[in-house]
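Q: Supplied in structure tokens, the structure appears directly below.
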Amino acid sequence: MDSRHMQIGEVAARTELSLRTIRHYEETGLVTPSARSQGGFRLYTEADVARLMVIRRMKPLGFTLDQMRDLLDATDRLDAGTAADAAEHAALLERVRTYERAATEQVEKLRVQLARAEDFAATLAARLERTAGAGAADHPPAGP
């Protein structure tokens, strides 16, 4: 096997995606293995891993499969330089910018949620500390 290719198990370990998830992304057209082994095993390249990482990063930000597909199409076309003219190139860049803005907005929302969650956890910890301290004073340790 070519050293530039990885089987799905290695890709799953590197991307922290399950085999099932990678196969699902293949079925939905988000990623296509670059090759198949003589035995029919899926073979992936570093570019395929990078593509899966884009998908993995988009998922927790709430992007849909269609949005992932749209962004990947735009970036693929920009990378390949297949835009017919300057206007199409500009339109592709604007599609990517739209996703960048949406990702940034979602990250800010998640920061607020995280701050609230941390505040809640700290409130619970303080409450437990107060309650445990009061309980220890009311109930001295049992002697021998």
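Labels for the structure tokens follow display order: chains A, B, ..., residues from 1 in each chain, ligands from 1.
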Within 9 Å of region 8-19 of chain A, counting only C-alpha atoms, which residues qualify if same-chain residues fewer than 4 places away don't, as a list in words?
A: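 Everything that qualifies: Arg23, His24, Pro33, Phe41, Arg42, Leu43, Tyr44, Thr45, Asp48, Val49, Ala50, Leu52, Met53 and Arg56 of chain A.
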Q: Go ahead and save the picked residues with N, CA, C and O atoms, as a PDB file, in the first residue's frame.
A:
ATOM      1  N   ARG A  23     -18.158   6.916   7.214  1.00  0.00           N
ATOM      2  CA  ARG A  23     -18.936   6.277   6.136  1.00  0.00           C
ATOM      3  C   ARG A  23     -20.192   7.095   5.807  1.00  0.00           C
ATOM      4  O   ARG A  23     -20.577   7.221   4.639  1.00  0.00           O
ATOM      5  N   HIS A  24     -20.824   7.655   6.844  1.00  0.00           N
ATOM      6  CA  HIS A  24     -22.008   8.504   6.629  1.00  0.00           C
ATOM      7  C   HIS A  24     -21.631   9.732   5.790  1.00  0.00           C
ATOM      8  O   HIS A  24     -22.355  10.092   4.860  1.00  0.00           O
ATOM      9  N   PRO A  33     -13.288   8.729  -0.457  1.00  0.00           N
ATOM     10  CA  PRO A  33     -11.936   8.181  -0.341  1.00  0.00           C
ATOM     11  C   PRO A  33     -11.168   8.403  -1.644  1.00  0.00           C
ATOM     12  O   PRO A  33     -11.735   8.303  -2.727  1.00  0.00           O
ATOM     13  N   PHE A  41     -10.716  -1.871   0.363  1.00  0.00           N
ATOM     14  CA  PHE A  41     -10.723  -0.993   1.524  1.00  0.00           C
ATOM     15  C   PHE A  41     -10.599   0.467   1.092  1.00  0.00           C
ATOM     16  O   PHE A  41      -9.849   0.782   0.156  1.00  0.00           O
ATOM     17  N   ARG A  42     -11.307   1.337   1.804  1.00  0.00           N
ATOM     18  CA  ARG A  42     -11.214   2.768   1.540  1.00  0.00           C
ATOM     19  C   ARG A  42      -9.805   3.241   1.902  1.00  0.00           C
ATOM     20  O   ARG A  42      -9.290   2.898   2.954  1.00  0.00           O
ATOM     21  N   LEU A  43      -9.247   4.088   1.045  1.00  0.00           N
ATOM     22  CA  LEU A  43      -7.930   4.667   1.298  1.00  0.00           C
ATOM     23  C   LEU A  43      -8.037   6.185   1.227  1.00  0.00           C
ATOM     24  O   LEU A  43      -8.648   6.730   0.304  1.00  0.00           O
ATOM     25  N   TYR A  44      -7.451   6.838   2.211  1.00  0.00           N
ATOM     26  CA  TYR A  44      -7.554   8.288   2.344  1.00  0.00           C
ATOM     27  C   TYR A  44      -6.178   8.929   2.320  1.00  0.00           C
ATOM     28  O   TYR A  44      -5.191   8.321   2.702  1.00  0.00           O
ATOM     29  N   THR A  45      -6.154  10.189   1.908  1.00  0.00           N
ATOM     30  CA  THR A  45      -4.923  10.977   1.885  1.00  0.00           C
ATOM     31  C   THR A  45      -4.993  12.050   2.969  1.00  0.00           C
ATOM     32  O   THR A  45      -6.029  12.225   3.622  1.00  0.00           O
ATOM     33  N   ASP A  48      -7.851  14.303   2.372  1.00  0.00           N
ATOM     34  CA  ASP A  48      -9.127  13.753   2.849  1.00  0.00           C
ATOM     35  C   ASP A  48      -9.271  13.969   4.350  1.00  0.00           C
ATOM     36  O   ASP A  48     -10.356  14.305   4.839  1.00  0.00           O
ATOM     37  N   VAL A  49      -8.179  13.779   5.089  1.00  0.00           N
ATOM     38  CA  VAL A  49      -8.199  14.003   6.538  1.00  0.00           C
ATOM     39  C   VAL A  49      -8.498  15.480   6.820  1.00  0.00           C
ATOM     40  O   VAL A  49      -9.320  15.800   7.686  1.00  0.00           O
ATOM     41  N   ALA A  50      -7.861  16.379   6.072  1.00  0.00           N
ATOM     42  CA  ALA A  50      -8.107  17.812   6.259  1.00  0.00           C
ATOM     43  C   ALA A  50      -9.579  18.142   5.993  1.00  0.00           C
ATOM     44  O   ALA A  50     -10.193  18.924   6.715  1.00  0.00           O
ATOM     45  N   LEU A  52     -12.159  16.093   6.329  1.00  0.00           N
ATOM     46  CA  LEU A  52     -12.929  15.573   7.463  1.00  0.00           C
ATOM     47  C   LEU A  52     -12.790  16.466   8.690  1.00  0.00           C
ATOM     48  O   LEU A  52     -13.744  16.631   9.459  1.00  0.00           O
ATOM     49  N   MET A  53     -11.629  17.064   8.875  1.00  0.00           N
ATOM     50  CA  MET A  53     -11.439  17.969  10.009  1.00  0.00           C
ATOM     51  C   MET A  53     -12.288  19.234   9.850  1.00  0.00           C
ATOM     52  O   MET A  53     -12.816  19.754  10.836  1.00  0.00           O
ATOM     53  N   ARG A  56     -15.680  18.092  10.841  1.00  0.00           N
ATOM     54  CA  ARG A  56     -15.734  17.881  12.293  1.00  0.00           C
ATOM     55  C   ARG A  56     -15.814  19.206  13.044  1.00  0.00           C
ATOM     56  O   ARG A  56     -16.502  19.326  14.044  1.00  0.00           O
TER      57      ARG A  56
END
Q: Would you list the contacts of Arg51 (chain A) as a ChimeraX atom specification, taking every protein, DNA or RNA residue within 8 Å and counting only C-alpha atoms, but skipping same-chain residues closer than 4 positions in sequence?
A: /A:31,47,55,72
Q: Which is closest to Met58 (chain A) among A:Glu100, A:Glu26, A:Glu46, A:Glu88, if we use only C-alpha atoms?
A: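 Among the listed residues, the smallest separation from Met58 (chain A) belongs to A:Glu100.
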Q: With a distance cut-off of 9 Å and only C-alpha atoms, select the neighbouring residues of region 107-119 of chain A, excluding the residue or stretch itself and same-chain residues fewer than 5 positions from it, and output the selection as a list in words.
A: Leu61, Ala102 and Leu124 of chain A
Q: Output N, CA, C and O atoms for every residue in that selection, as a PDB file, in the first residue's frame.
A:
ATOM      1  N   LEU A  61     -20.699  23.622  15.636  1.00  0.00           N
ATOM      2  CA  LEU A  61     -21.151  25.001  15.468  1.00  0.00           C
ATOM      3  C   LEU A  61     -22.551  25.059  14.871  1.00  0.00           C
ATOM      4  O   LEU A  61     -23.077  26.139  14.624  1.00  0.00           O
ATOM      5  N   ALA A 102     -20.531  33.440  10.181  1.00  0.00           N
ATOM      6  CA  ALA A 102     -21.464  32.594  10.937  1.00  0.00           C
ATOM      7  C   ALA A 102     -20.725  31.794  11.999  1.00  0.00           C
ATOM      8  O   ALA A 102     -21.208  31.654  13.136  1.00  0.00           O
ATOM      9  N   LEU A 124     -22.330  26.125  42.434  1.00  0.00           N
ATOM     10  CA  LEU A 124     -22.572  24.836  43.084  1.00  0.00           C
ATOM     11  C   LEU A 124     -21.413  24.446  43.999  1.00  0.00           C
ATOM     12  O   LEU A 124     -21.621  23.957  45.109  1.00  0.00           O
TER      13      LEU A 124
END
Q: Running DSSP on the backbone, which parts of chain A land in helix (DSSP H, G or I), as a PyMOL selection string?
A: chain A and resi 8-15+19-27+46-61+65-80+86-138
Q: Chain A: which residues are strand (DSSP E or B) by DSSP, as a ChimeraX atom specification?
A: /A:6-7,35-36,42-44
Q: Please save all heavy atoms of the selected residues as a compact mmCIF listing (two decimals), in the first residue's frame.
A:
# COMPACT_ATOMS: atom_id res chain seq x y z
N MET A 6 -4.06 6.13 3.84
CA MET A 6 -4.40 5.56 5.15
C MET A 6 -5.72 4.83 5.03
O MET A 6 -6.60 5.24 4.27
CB MET A 6 -4.58 6.69 6.18
CG MET A 6 -3.35 7.51 6.45
SD MET A 6 -3.82 9.06 7.24
CE MET A 6 -4.02 10.10 5.78
N GLN A 7 -5.85 3.77 5.81
CA GLN A 7 -7.13 3.09 5.88
C GLN A 7 -8.06 3.84 6.82
O GLN A 7 -7.63 4.68 7.61
CB GLN A 7 -6.95 1.64 6.32
CG GLN A 7 -6.27 0.80 5.26
CD GLN A 7 -6.26 -0.68 5.60
OE1 GLN A 7 -6.74 -1.10 6.65
NE2 GLN A 7 -5.69 -1.47 4.71
N ALA A 35 -8.89 6.60 -2.87
CA ALA A 35 -8.59 5.36 -3.59
C ALA A 35 -9.21 4.20 -2.84
O ALA A 35 -9.77 4.36 -1.75
CB ALA A 35 -7.08 5.18 -3.70
N ARG A 36 -9.10 3.05 -3.46
CA ARG A 36 -9.50 1.78 -2.83
C ARG A 36 -8.33 0.81 -2.98
O ARG A 36 -7.65 0.80 -3.99
CB ARG A 36 -10.73 1.18 -3.51
CG ARG A 36 -12.01 1.98 -3.35
CD ARG A 36 -12.80 1.46 -2.21
NE ARG A 36 -14.05 2.22 -2.07
CZ ARG A 36 -14.92 1.96 -1.16
NH1 ARG A 36 -14.75 0.96 -0.33
NH2 ARG A 36 -16.02 2.67 -1.05
N ARG A 42 -11.31 1.34 1.80
CA ARG A 42 -11.21 2.77 1.54
C ARG A 42 -9.80 3.24 1.90
O ARG A 42 -9.29 2.90 2.95
CB ARG A 42 -12.23 3.53 2.40
CG ARG A 42 -13.66 3.25 2.08
CD ARG A 42 -14.53 3.80 3.24
NE ARG A 42 -15.94 3.68 2.95
CZ ARG A 42 -16.68 2.61 3.20
NH1 ARG A 42 -16.14 1.54 3.74
NH2 ARG A 42 -17.96 2.59 2.92
N LEU A 43 -9.25 4.09 1.04
CA LEU A 43 -7.93 4.67 1.30
C LEU A 43 -8.04 6.19 1.23
O LEU A 43 -8.65 6.73 0.30
CB LEU A 43 -6.91 4.16 0.28
CG LEU A 43 -6.67 2.65 0.27
CD1 LEU A 43 -5.73 2.26 -0.86
CD2 LEU A 43 -6.13 2.18 1.61
N TYR A 44 -7.45 6.84 2.21
CA TYR A 44 -7.55 8.29 2.34
C TYR A 44 -6.18 8.93 2.32
O TYR A 44 -5.19 8.32 2.70
CB TYR A 44 -8.25 8.64 3.66
CG TYR A 44 -9.67 8.12 3.75
CD1 TYR A 44 -9.93 6.85 4.23
CD2 TYR A 44 -10.73 8.90 3.34
CE1 TYR A 44 -11.22 6.36 4.31
CE2 TYR A 44 -12.03 8.43 3.41
CZ TYR A 44 -12.27 7.16 3.90
OH TYR A 44 -13.55 6.69 3.97
Q: So how many Å separate CA of Leu71 (chain A) and CA of Ser34 (chain A), to one decimal?
A: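 Between CA of Leu71 (chain A) and CA of Ser34 (chain A) the gap is 19.6 Å.
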